[in-house]
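Peer 1: Structure incoming, see below.
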Amino acid sequence: QLQLVESGGGLVQPGGSLRLSCAASRFTLDYYTIGWFRQAPGKEREGVSCISSSGGSTNYADSVKGRFTISRDNAKNTVYLQMNSLKPEDTAVYYCAAARVTRYSCSGYAPPVQADFGSWGQGTQVTVSS
């Protein structure tokens, strides 16, 4: 089974930046759409961004548009989430997840939903605070 490991989380001041990484093992990511999700304390997990298998299509939640950028390097089997202009409300555990391209391609205009993704990482904590 595809294994995903997130890294890059931490504590950052408002206005700062972090880059999260999602590294895959056991299988190549070439045939998977990747999504980033986050879950804040007491809230449901929400879709943040997704990227198609080729990297040619991306989507973002309205709350992060213009601040977050998703990218992938299939040669390194890794997907990234660059987060700029971070706000306290971005504080959450961030998860990456993979969906087979036959299930979900990230070709629409909406952020990803959990039900389309079958493989999940363990999450990385992002805390935005002064």
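Scheme for the structure tokens: letters A, B, ... for chains in order shown; per-chain residue numbers from 1; ligand numbers from 1 in order shown.
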Extract the full set of strand (DSSP E) residues from segment 2-81 of chain A according to DSSP on the backbone, and format it as JSON, numbers by chain.
Peer 2: {"A": [3, 4, 5, 6, 7, 10, 11, 12, 18, 19, 20, 21, 22, 23, 24, 25, 32, 33, 34, 35, 36, 37, 38, 39, 46, 47, 48, 49, 50, 51, 58, 59, 60, 68, 69, 70, 71, 72, 73, 78, 79, 80, 81]}
Peer 1: Which residue out of A:Asp62, A:Asp116, A:Asp73, A:Asp90 has the minimum interatomic distance to Arg38 of chain A when only C-alpha atoms are used?
Peer 2: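 Using only C-alpha atoms, Arg38 of chain A sits closest to A:Asp90.
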Peer 1: Go through segment 47-74 of chain A residue by residue and, counting only C-alpha atoms, keep those with an atom at most 12 Å from segment 97-107 of chain A; for each kept residue give the shortest atom pair and its distance in Å to one decimal, ordered by chain and increasing number, as a tab-separated table.
Peer 2:
residue	atom	partner	partner_atom	distance
A:Gly47	CA	A:Ala97	CA	10.2
A:Val48	CA	A:Ala97	CA	11.2
A:Ser49	CA	A:Cys106	CA	9.1
A:Cys50	CA	A:Cys106	CA	6.1
A:Ile51	CA	A:Cys106	CA	6.0
A:Ser52	CA	A:Cys106	CA	5.4
A:Ser53	CA	A:Val101	CA	7.0
A:Ser54	CA	A:Ser105	CA	9.8
A:Gly55	CA	A:Cys106	CA	9.7
A:Gly56	CA	A:Ser107	CA	9.2
A:Ser57	CA	A:Ser107	CA	6.1
A:Thr58	CA	A:Cys106	CA	6.4
A:Asn59	CA	A:Cys106	CA	6.8
A:Tyr60	CA	A:Cys106	CA	10.0
Peer 1: Skip Lys87 of chain A itself and residues of its chain fewer than 5 positions away, then list as an MDAnalysis selection string all residues within 7 Å of it, counting only C-alpha atoms.
Peer 2: chainID A and resid 14:15 128
